Protein chains: 2
Amino acid sequence: MRTSLSLIAVLCLSLLVSAQSQAQLNLMPMPSSVQVGTGQLPVTQTFGVDVTGFHDASLDSEIERFATRLSRQTGIPFWSKPGTVPTLTIHADHARAAVQKLGEDESYELTVSDSGAKLTAPNPLGVLRGLETFLQLVQITPTGFAVPAVTIKDQPRFPWRGMLIDVSRHFIPLDVLKRNVDGMAAVKMNVLHWHLSDDQGFRAVSKKFPKLTGMGSEGMFYTQDEIRELIAYAHDRGIRVVPEFDMPGHSRSWFLGYPELASGPGAYTLADGGIAPAMDPTREETYKFLEKFIAEMAKLFPDAYFHIGGDEVDGKQWDANPKIQAFKQAHGMKNDQDLQAYFNRRLEKIVVKNHKITVGWDEVLHPDLPKTIVVQSWRGQQSLAAAAKQGYSGLLSYGYYLDLMWPAARHYAVDPMSGDAATLSPEQQKLILGGESCQWAEWVTPENIDSHIWPRNAVIAERLWSPQNVTDVASMYARLNAVSLDLEWLGLSHRSARMHMLHRTAGDADISALRVLADVVEPVKDYNRWDETKQGPIDFHGALNRMIDAVYPESDTAREFAGLVQAFLQSSATDQAAEARIRASLTLWRDNDARLHPLLDQSFLLQEDEPLSQNLSALAAAGLAALDYIDKAQPAPDAWKTQQLTLIEQAKKPQAGLLLMIVSPVEQLIQASAAHN
Amino acid sequence: MRTSLSLIAVLCLSLLVSAQSQAQLNLMPMPSSVQVGTGQLPVTQTFGVDVTGFHDASLDSEIERFATRLSRQTGIPFWSKPGTVPTLTIHADHARAAVQKLGEDESYELTVSDSGAKLTAPNPLGVLRGLETFLQLVQITPTGFAVPAVTIKDQPRFPWRGMLIDVSRHFIPLDVLKRNVDGMAAVKMNVLHWHLSDDQGFRAVSKKFPKLTGMGSEGMFYTQDEIRELIAYAHDRGIRVVPEFDMPGHSRSWFLGYPELASGPGAYTLADGGIAPAMDPTREETYKFLEKFIAEMAKLFPDAYFHIGGDEVDGKQWDANPKIQAFKQAHGMKNDQDLQAYFNRRLEKIVVKNHKITVGWDEVLHPDLPKTIVVQSWRGQQSLAAAAKQGYSGLLSYGYYLDLMWPAARHYAVDPMSGDAATLSPEQQKLILGGESCQWAEWVTPENIDSHIWPRNAVIAERLWSPQNVTDVASMYARLNAVSLDLEWLGLSHRSARMHMLHRTAGDADISALRVLADVVEPVKDYNRWDETKQGPIDFHGALNRMIDAVYPESDTAREFAGLVQAFLQSSATDQAAEARIRASLTLWRDNDARLHPLLDQSFLLQEDEPLSQNLSALAAAGLAALDYIDKAQPAPDAWKTQQLTLIEQAKKPQAGLLLMIVSPVEQLIQASAAHN
């Protein structure tokens, strides 16, 4: 009876200490239940791990990787000494599935006291998740490295938490993918959606159709051994690999080697612009080809799911082909959507024949398709709910496009169950499997892809793992900063690459002034970078070595400055500490153009940033003047205000594809300085 | 006749423009002859390379690596387009030796005009050196990346330009060695001296004596395949690999598996302190063992040279062994030196039998040894000259110990031909083959070894490659800064590792204030770090995660500050720009302790640095006060001066193994402020 009572007490406590309030622990994704105790477990040179219950080679290597990472994180080499009492005991009940399954149990419990830690899970998948949590808990303290006493019970909210990496538009080598898989595992994601073919390149070797990579990849592709290597690497980290071969559109790269698949005459080159070619869905030969191709790929990729793409089919090639038009008429097809549905139905049967489940983008949703397919929504949250209402499973990617350069908070606010989905019945809600962030590769290279993905991807990972009520943005940014540092220990270069790229633009010069500018800019959002190429298609062979390619998608400096200005104005200008910090930043920025200008002049890559640098200094000067008015408690003159607002409007325009992110807070200062109390 | 005249004119010009004056080109090592032309060669996306004359697979892969590096440096992906006029033409006359030879021709000529570049060399070794020069010449300009028009004729001053890496005291994995080999090639070094065994670990697998690594390496060793891999990797980059197996001292690791080799009773552990054991030179079994061992290693390592160590034999174990004493008496040996010479003579015969040339440290120099051996001098420059006078070849390492934490300028000033060597006859001078920097590994891990080697190693490389009169220190530091940036493109982490290591000590906190402190400190010099372990031997299993392990061996910030103070005082305090910059630095430092203190308090790794941080702020305040006195043109009061000099004396003492490098310039300011004009 005593035991039951204390169990209830523990349960109540853990309800009281909601996940939301645990911001002091730098965990991301936040576990579903965290109960902080007293004391801490020291992590010293005698740290050791013991495994009770089930273990196999995979779990053993998992623990070895854990020890290596703990060592890197602390700088302490761990030397197993016989007779040492183990610090961390790991217990799994049974094995994982040989091929990781959707919905396989990922839960774990982690209990840490000042005398030891215990991690239990039904299977090694839960151990993986729990070890990531343990690593995030390790802190430096006045007495040594330590893990705070804590009881964590955790499981994911959604079973499908993925990231798409596009390796077609720019090829991404295997080692770069591996370190990103490490990053995904660190934030408990479990699906790598490998976008292996698109107009700009076919990246997976087919032995049956060697010309796919032989002519459609410019020599940049993965061998089947490499593909198996990445699948095994991901499996070891609890990550499924779902391949995507985009059909029938986004398929120009197929046609260099196999032009007979296309709906229009060739010849094709990867650099083509204009009409996006599409496969010919009316020829039986197309399906014969795909029968063989999918059979081969279905063997190569063990996952139960197979992504056929199906997005953005440009009907122009179909419309221009009289045979295809005749076929449509003969089969009573009203439009290209019907034709694509016909193609998808044929394709789906091939996929099923190979014992796989079909995944496709929004556009595959058509009444003719069976309910077994999974719809990945990129066009809006409502289509996810619409699919669920019709009985289709779905994944949300709308709102999770990392290439659109949104701030983390904007992704964080997107919930698969919000909007139309909130009105779904519990049964329909179960059809929403989760979501995927998407890293489309128009503007990335192996050099800067990490910084386009990280750390922002971690907040999408949290959205898909943590309870729905974990939404505090301030807590999110604090924890994101910590997880970002942790991710660098994994070998990701999302912070360090910027320095290299800035140095490249500056030659051997001191780049401190350049860093000041880089700290307060962000690339233009959404598809606005494409505006630069209005005169023609993107040159996928071009150099991505400008400032826009080097900077972080989100400026922490600007966000923090905006917060400071807000706090200062909300205090009715009485918060002197905030004002001092605001002045320090503005002074730095005001003086920066004079320091930076000589550098910009000397570099063809930086010349385009001159207006940006000038605007930063001008804005900062305006902000300082506004503060002077505020301090004097006299409203700024209208003429001055008008002049400054002209500057503001001008500074809001992108320069060299970059936005100056301090415009809004400076505008607030100007408005406040001119306000009559 | 016209041709000859212009040839002469060119020759004269190239004599006029001495290497010394070429500081504006960021070349290191400085070539023996550089003639700057007018114009520049653009490096654009159409850049292409053509090979005329000799080529083989090795040269082809050399050029491929060059293209990859040029691409990384510029961010430009190079796409070979048929029909493009090649930008760089490479011509080699004949092949390199299959096993790189001492003294093999490394010369090259590089001519760059605004229409193209031509690199010619007798063999691909010279091409390697020339391509490194080409990469260093690539600059960013207002119109694009470009190489200035230039004519370079270059060859090394010494044929043996090496670096020793100790992988025994701390194991250094193969990938870390590889990136350091890349760094060596970038500065035209040509010998990796691989210190493979010492008391703390035996790192090369012997198939004949598997217990050497099996019991003497704690599982950290190189397989023979890995050794072959590194040798091939180094060969591709024009670097010979000379193995060292240190005998008969520095050999404790051998005795864990083979205690019968030792002169005293075991048992042995790697962690032993106290008496350094030595091999028993009196037992025939010792030589039987070494016969087999050296035969195996001589096959594994193709280089013509084989290093037997021979340094620092601690005679205590010999003296304590009655049998060894009896042997000495029976053979009329006066002392342990004679006994070691006996051992070396026996060993040398084994080496010769395996068609290798023996290299050994200073102590092997003994009249009994044949003139064919090479003496590596670590105890002083004079021993190198002494050896040469006796007819022995020699290598200088004294003055090139990177682990002693000297500033680059101090290494730079050490010339193999200076001191006693300057008095050698031309014939004797030829015996001085060059030198080697040495990276002993008591205090390094794979994490920070790069920063202990680079960029300082580049100035030793220059000393050994460039003409003797290339000695300008200001030019050296300017070029060193550029080469340091270039080295990061090779994957070396000599700059980036510091940030990771500082973050570790600070948890998730903002480290900008910590960086300010880290920027102005250096580790204690020479063997002073060992003072901390006076109570016992170094714990080679310990963590190297303190601030002393993270900081750079040399503080650029402090050196530049000292230069500024000097310029200011030399201007009789009239250089206002200098004063403004001095004040800015001093103000930053004065205010830093208040920012940093909370961070130091919270980290067990940083608490020891608190006095350092306080001293920095106090010194900066003193410096500012001194400037105030100087500005007022009134001598500072004696009492104040005395007080400040007490502070100076206290701040000169190392704290936590670190020296505050701004003490001297601040002392100069104080002295100047108190001076009566």
# chains A, B, ... in the order shown; residues from 1 in each chain; ligands from 1
call {"tool": "select_by_dssp", "arguments": {"residues": "region 353-477 of chain B", "states": "strand (DSSP E or B)", "output": "PDB file with N, CA, C and O atoms, in the first residue's frame"}}
result
ATOM      1  N   ILE B 357      69.704   3.280 -43.724  1.00  0.00           N
ATOM      2  CA  ILE B 357      70.672   4.159 -43.084  1.00  0.00           C
ATOM      3  C   ILE B 357      70.127   4.533 -41.708  1.00  0.00           C
ATOM      4  O   ILE B 357      68.946   4.877 -41.572  1.00  0.00           O
ATOM      5  N   THR B 358      70.988   4.460 -40.710  1.00  0.00           N
ATOM      6  CA  THR B 358      70.570   4.717 -39.334  1.00  0.00           C
ATOM      7  C   THR B 358      70.514   6.209 -39.038  1.00  0.00           C
ATOM      8  O   THR B 358      71.435   6.952 -39.371  1.00  0.00           O
ATOM      9  N   VAL B 359      69.443   6.610 -38.380  1.00  0.00           N
ATOM     10  CA  VAL B 359      69.358   7.958 -37.822  1.00  0.00           C
ATOM     11  C   VAL B 359      69.186   7.791 -36.320  1.00  0.00           C
ATOM     12  O   VAL B 359      68.512   6.865 -35.853  1.00  0.00           O
ATOM     13  N   GLY B 360      69.830   8.682 -35.558  1.00  0.00           N
ATOM     14  CA  GLY B 360      69.665   8.618 -34.100  1.00  0.00           C
ATOM     15  C   GLY B 360      69.823   9.998 -33.511  1.00  0.00           C
ATOM     16  O   GLY B 360      70.322  10.927 -34.156  1.00  0.00           O
ATOM     17  N   TRP B 361      69.366  10.141 -32.288  1.00  0.00           N
ATOM     18  CA  TRP B 361      69.495  11.423 -31.599  1.00  0.00           C
ATOM     19  C   TRP B 361      70.935  11.662 -31.176  1.00  0.00           C
ATOM     20  O   TRP B 361      71.735  10.712 -31.120  1.00  0.00           O
ATOM     21  N   VAL B 374      73.193   9.231 -39.410  1.00  0.00           N
ATOM     22  CA  VAL B 374      72.753  10.627 -39.378  1.00  0.00           C
ATOM     23  C   VAL B 374      72.414  10.974 -37.933  1.00  0.00           C
ATOM     24  O   VAL B 374      71.690  10.236 -37.264  1.00  0.00           O
ATOM     25  N   VAL B 375      72.982  12.080 -37.472  1.00  0.00           N
ATOM     26  CA  VAL B 375      72.761  12.496 -36.089  1.00  0.00           C
ATOM     27  C   VAL B 375      71.717  13.612 -36.063  1.00  0.00           C
ATOM     28  O   VAL B 375      71.852  14.621 -36.745  1.00  0.00           O
ATOM     29  N   GLN B 376      70.686  13.395 -35.259  1.00  0.00           N
ATOM     30  CA  GLN B 376      69.645  14.417 -35.126  1.00  0.00           C
ATOM     31  C   GLN B 376      69.867  15.155 -33.815  1.00  0.00           C
ATOM     32  O   GLN B 376      69.804  14.568 -32.734  1.00  0.00           O
ATOM     33  N   SER B 377      70.122  16.440 -33.931  1.00  0.00           N
ATOM     34  CA  SER B 377      70.536  17.214 -32.767  1.00  0.00           C
ATOM     35  C   SER B 377      69.345  17.825 -32.044  1.00  0.00           C
ATOM     36  O   SER B 377      68.608  18.639 -32.609  1.00  0.00           O
ATOM     37  N   SER B 393      76.668  13.187 -41.007  1.00  0.00           N
ATOM     38  CA  SER B 393      75.533  13.990 -41.458  1.00  0.00           C
ATOM     39  C   SER B 393      74.668  14.336 -40.261  1.00  0.00           C
ATOM     40  O   SER B 393      74.638  13.596 -39.278  1.00  0.00           O
ATOM     41  N   GLY B 394      73.955  15.453 -40.410  1.00  0.00           N
ATOM     42  CA  GLY B 394      73.141  15.853 -39.269  1.00  0.00           C
ATOM     43  C   GLY B 394      71.881  16.580 -39.635  1.00  0.00           C
ATOM     44  O   GLY B 394      71.704  17.101 -40.745  1.00  0.00           O
ATOM     45  N   LEU B 395      70.965  16.583 -38.670  1.00  0.00           N
ATOM     46  CA  LEU B 395      69.672  17.279 -38.769  1.00  0.00           C
ATOM     47  C   LEU B 395      69.513  18.120 -37.519  1.00  0.00           C
ATOM     48  O   LEU B 395      69.807  17.650 -36.415  1.00  0.00           O
ATOM     49  N   LEU B 396      68.997  19.328 -37.687  1.00  0.00           N
ATOM     50  CA  LEU B 396      68.785  20.176 -36.517  1.00  0.00           C
ATOM     51  C   LEU B 396      67.344  20.067 -36.020  1.00  0.00           C
ATOM     52  O   LEU B 396      66.398  20.270 -36.793  1.00  0.00           O
ATOM     53  N   TYR B 401      61.442  22.685 -31.310  1.00  0.00           N
ATOM     54  CA  TYR B 401      60.497  21.880 -30.519  1.00  0.00           C
ATOM     55  C   TYR B 401      59.185  22.661 -30.375  1.00  0.00           C
ATOM     56  O   TYR B 401      59.077  23.596 -29.595  1.00  0.00           O
ATOM     57  N   ILE B 432      75.142  18.919 -43.346  1.00  0.00           N
ATOM     58  CA  ILE B 432      73.926  19.342 -42.635  1.00  0.00           C
ATOM     59  C   ILE B 432      72.752  19.260 -43.604  1.00  0.00           C
ATOM     60  O   ILE B 432      72.614  20.074 -44.517  1.00  0.00           O
ATOM     61  N   LEU B 433      71.965  18.242 -43.409  1.00  0.00           N
ATOM     62  CA  LEU B 433      70.928  17.896 -44.381  1.00  0.00           C
ATOM     63  C   LEU B 433      69.684  18.763 -44.251  1.00  0.00           C
ATOM     64  O   LEU B 433      68.870  18.835 -45.163  1.00  0.00           O
ATOM     65  N   GLY B 434      69.514  19.355 -43.085  1.00  0.00           N
ATOM     66  CA  GLY B 434      68.311  20.151 -42.865  1.00  0.00           C
ATOM     67  C   GLY B 434      67.885  20.064 -41.416  1.00  0.00           C
ATOM     68  O   GLY B 434      68.739  20.114 -40.518  1.00  0.00           O
ATOM     69  N   GLY B 435      66.616  19.919 -41.199  1.00  0.00           N
ATOM     70  CA  GLY B 435      66.131  19.878 -39.829  1.00  0.00           C
ATOM     71  C   GLY B 435      64.725  19.330 -39.743  1.00  0.00           C
ATOM     72  O   GLY B 435      64.097  19.007 -40.755  1.00  0.00           O
ATOM     73  N   GLU B 436      64.277  19.245 -38.507  1.00  0.00           N
ATOM     74  CA  GLU B 436      62.924  18.748 -38.242  1.00  0.00           C
ATOM     75  C   GLU B 436      62.321  19.489 -37.059  1.00  0.00           C
ATOM     76  O   GLU B 436      62.958  19.603 -36.005  1.00  0.00           O
ATOM     77  N   SER B 437      61.105  19.948 -37.237  1.00  0.00           N
ATOM     78  CA  SER B 437      60.355  20.391 -36.076  1.00  0.00           C
ATOM     79  C   SER B 437      59.895  19.143 -35.322  1.00  0.00           C
ATOM     80  O   SER B 437      59.808  18.066 -35.902  1.00  0.00           O
ATOM     81  N   CYS B 438      59.641  19.316 -34.019  1.00  0.00           N
ATOM     82  CA  CYS B 438      59.247  18.158 -33.208  1.00  0.00           C
ATOM     83  C   CYS B 438      57.985  18.456 -32.412  1.00  0.00           C
ATOM     84  O   CYS B 438      57.917  19.441 -31.679  1.00  0.00           O
ATOM     85  N   GLN B 439      56.988  17.618 -32.589  1.00  0.00           N
ATOM     86  CA  GLN B 439      55.763  17.740 -31.821  1.00  0.00           C
ATOM     87  C   GLN B 439      55.693  16.578 -30.837  1.00  0.00           C
ATOM     88  O   GLN B 439      55.130  15.532 -31.117  1.00  0.00           O
TER      89      GLN B 439
END
call {"tool": "closest_atom_pairs", "arguments": {"of": "chain B", "to": "chain A", "cutoff": "8 Å", "atoms": "only C-alpha atoms", "output": "JSON lines"}}
result
{"residue": "B:Gln73", "atom": "CA", "partner": "A:Arg504", "partner_atom": "CA", "distance": 6.6}
{"residue": "B:Thr74", "atom": "CA", "partner": "A:Arg504", "partner_atom": "CA", "distance": 6.6}
{"residue": "B:Gly75", "atom": "CA", "partner": "A:Asn545", "partner_atom": "CA", "distance": 5.2}
{"residue": "B:Ile76", "atom": "CA", "partner": "A:Ala543", "partner_atom": "CA", "distance": 4.6}
{"residue": "B:Pro77", "atom": "CA", "partner": "A:Ala543", "partner_atom": "CA", "distance": 6.1}
{"residue": "B:Trp79", "atom": "CA", "partner": "A:His541", "partner_atom": "CA", "distance": 7.7}
{"residue": "B:Gln139", "atom": "CA", "partner": "A:Gly507", "partner_atom": "CA", "distance": 6.3}
{"residue": "B:Ile140", "atom": "CA", "partner": "A:Gly507", "partner_atom": "CA", "distance": 5.6}
{"residue": "B:Thr141", "atom": "CA", "partner": "A:Ser603", "partner_atom": "CA", "distance": 5.0}
{"residue": "B:Pro142", "atom": "CA", "partner": "A:Phe604", "partner_atom": "CA", "distance": 4.3}
{"residue": "B:Thr143", "atom": "CA", "partner": "A:Phe604", "partner_atom": "CA", "distance": 5.2}
{"residue": "B:Gly144", "atom": "CA", "partner": "A:Phe604", "partner_atom": "CA", "distance": 5.4}
{"residue": "B:Asn481", "atom": "CA", "partner": "A:Asp508", "partner_atom": "CA", "distance": 7.5}
{"residue": "B:Ala482", "atom": "CA", "partner": "A:Asp508", "partner_atom": "CA", "distance": 5.4}
{"residue": "B:Leu485", "atom": "CA", "partner": "A:Asp508", "partner_atom": "CA", "distance": 7.3}
{"residue": "B:Glu488", "atom": "CA", "partner": "A:His500", "partner_atom": "CA", "distance": 8.0}
{"residue": "B:Trp489", "atom": "CA", "partner": "A:His500", "partner_atom": "CA", "distance": 7.7}
{"residue": "B:Ser496", "atom": "CA", "partner": "A:Ser496", "partner_atom": "CA", "distance": 7.3}
{"residue": "B:His500", "atom": "CA", "partner": "A:Trp489", "partner_atom": "CA", "distance": 7.8}
{"residue": "B:His503", "atom": "CA", "partner": "A:Leu485", "partner_atom": "CA", "distance": 7.9}
{"residue": "B:Arg504", "atom": "CA", "partner": "A:Thr74", "partner_atom": "CA", "distance": 6.6}
{"residue": "B:Thr505", "atom": "CA", "partner": "A:Ile140", "partner_atom": "CA", "distance": 7.1}
{"residue": "B:Ala506", "atom": "CA", "partner": "A:Ile140", "partner_atom": "CA", "distance": 7.2}
{"residue": "B:Gly507", "atom": "CA", "partner": "A:Ile140", "partner_atom": "CA", "distance": 5.6}
{"residue": "B:Asp508", "atom": "CA", "partner": "A:Ala482", "partner_atom": "CA", "distance": 5.4}
{"residue": "B:His541", "atom": "CA", "partner": "A:Pro77", "partner_atom": "CA", "distance": 6.9}
{"residue": "B:Gly542", "atom": "CA", "partner": "A:Pro77", "partner_atom": "CA", "distance": 7.0}
{"residue": "B:Ala543", "atom": "CA", "partner": "A:Ile76", "partner_atom": "CA", "distance": 4.6}
{"residue": "B:Leu544", "atom": "CA", "partner": "A:Gly75", "partner_atom": "CA", "distance": 6.5}
{"residue": "B:Asn545", "atom": "CA", "partner": "A:Gly75", "partner_atom": "CA", "distance": 5.2}
{"residue": "B:Asp601", "atom": "CA", "partner": "A:Pro142", "partner_atom": "CA", "distance": 6.6}
{"residue": "B:Gln602", "atom": "CA", "partner": "A:Pro142", "partner_atom": "CA", "distance": 4.8}
{"residue": "B:Ser603", "atom": "CA", "partner": "A:Pro142", "partner_atom": "CA", "distance": 4.6}
{"residue": "B:Phe604", "atom": "CA", "partner": "A:Pro142", "partner_atom": "CA", "distance": 4.3}
{"residue": "B:Leu605", "atom": "CA", "partner": "A:Gly144", "partner_atom": "CA", "distance": 7.5}
{"residue": "B:Gln607", "atom": "CA", "partner": "A:Pro142", "partner_atom": "CA", "distance": 7.7}
call {"tool": "write_last_selection", "arguments": {"atoms": "C-alpha atoms", "output": "JSON list (two decimals), in the first residue's frame"}}
result
[["chain", "number", "residue", "atom", "x", "y", "z"],
["B", 73, "GLN", "CA", 39.43, 28.15, -51.72],
["B", 74, "THR", "CA", 37.35, 30.12, -54.22],
["B", 75, "GLY", "CA", 33.96, 28.49, -53.81],
["B", 76, "ILE", "CA", 33.91, 28.04, -57.58],
["B", 77, "PRO", "CA", 33.01, 24.58, -58.86],
["B", 79, "TRP", "CA", 33.36, 22.14, -64.75],
["B", 139, "GLN", "CA", 43.85, 36.28, -54.28],
["B", 140, "ILE", "CA", 40.48, 37.93, -54.21],
["B", 141, "THR", "CA", 40.46, 41.21, -56.14],
["B", 142, "PRO", "CA", 37.85, 43.81, -57.07],
["B", 143, "THR", "CA", 37.28, 42.00, -60.35],
["B", 144, "GLY", "CA", 37.41, 38.36, -59.29],
["B", 481, "ASN", "CA", 48.65, 34.92, -40.94],
["B", 482, "ALA", "CA", 47.73, 34.27, -44.57],
["B", 485, "LEU", "CA", 43.97, 30.82, -43.07],
["B", 488, "GLU", "CA", 42.18, 25.72, -42.45],
["B", 489, "TRP", "CA", 40.97, 24.97, -46.00],
["B", 496, "SER", "CA", 38.53, 26.29, -34.88],
["B", 500, "HIS", "CA", 34.99, 24.19, -29.26],
["B", 503, "HIS", "CA", 32.68, 26.29, -25.21],
["B", 504, "ARG", "CA", 33.27, 23.07, -23.33],
["B", 505, "THR", "CA", 34.70, 24.92, -20.36],
["B", 506, "ALA", "CA", 31.82, 27.40, -20.37],
["B", 507, "GLY", "CA", 28.83, 25.15, -20.86],
["B", 508, "ASP", "CA", 26.16, 26.87, -22.91],
["B", 541, "HIS", "CA", 45.31, 9.21, -19.06],
["B", 542, "GLY", "CA", 44.19, 12.55, -17.73],
["B", 543, "ALA", "CA", 41.87, 14.99, -19.39],
["B", 544, "LEU", "CA", 43.45, 17.84, -21.36],
["B", 545, "ASN", "CA", 40.46, 20.13, -21.24],
["B", 601, "ASP", "CA", 32.68, 30.86, -11.07],
["B", 602, "GLN", "CA", 30.33, 28.35, -12.57],
["B", 603, "SER", "CA", 32.90, 26.12, -14.22],
["B", 604, "PHE", "CA", 35.31, 23.87, -12.35],
["B", 605, "LEU", "CA", 37.57, 24.10, -15.37],
["B", 607, "GLN", "CA", 37.90, 28.71, -11.66]]
call {"tool": "residues_around", "arguments": {"residues": "Arg252 (chain B)", "least_positions_apart": "2", "cutoff": "6 Å", "atoms": "only C-alpha atoms", "output": "short mmCIF file (atom, residue, chain, number, x, y, z; two decimals) with N, CA, C and O atoms, in the first residue's frame"}}
result
data_model
loop_
_atom_site.label_atom_id
_atom_site.label_comp_id
_atom_site.auth_asym_id
_atom_site.auth_seq_id
_atom_site.Cartn_x
_atom_site.Cartn_y
_atom_site.Cartn_z
N ASP B 199 57.95 5.19 -23.99
CA ASP B 199 57.51 4.56 -22.75
C ASP B 199 56.00 4.36 -22.70
O ASP B 199 55.50 3.36 -22.21
N TRP B 254 57.57 -1.58 -24.75
CA TRP B 254 57.98 -2.88 -25.32
C TRP B 254 57.88 -3.98 -24.26
O TRP B 254 57.65 -5.14 -24.59
N PHE B 255 58.11 -3.57 -22.99
CA PHE B 255 58.36 -4.56 -21.94
C PHE B 255 57.09 -5.15 -21.36
O PHE B 255 57.14 -6.13 -20.64
N PRO B 277 62.92 2.45 -17.64
CA PRO B 277 63.64 1.20 -17.95
C PRO B 277 64.32 1.28 -19.31
O PRO B 277 63.98 2.12 -20.13
#
call {"tool": "residues_around", "arguments": {"residues": "region 109-122 of chain B", "least_positions_apart": "3", "cutoff": "9 Å", "atoms": "only C-alpha atoms", "output": "VMD selection string"}}
result
chain B and resid 37 to 42 86 to 96 105 to 106 125 to 127 130 to 131 133 to 134 147 to 155
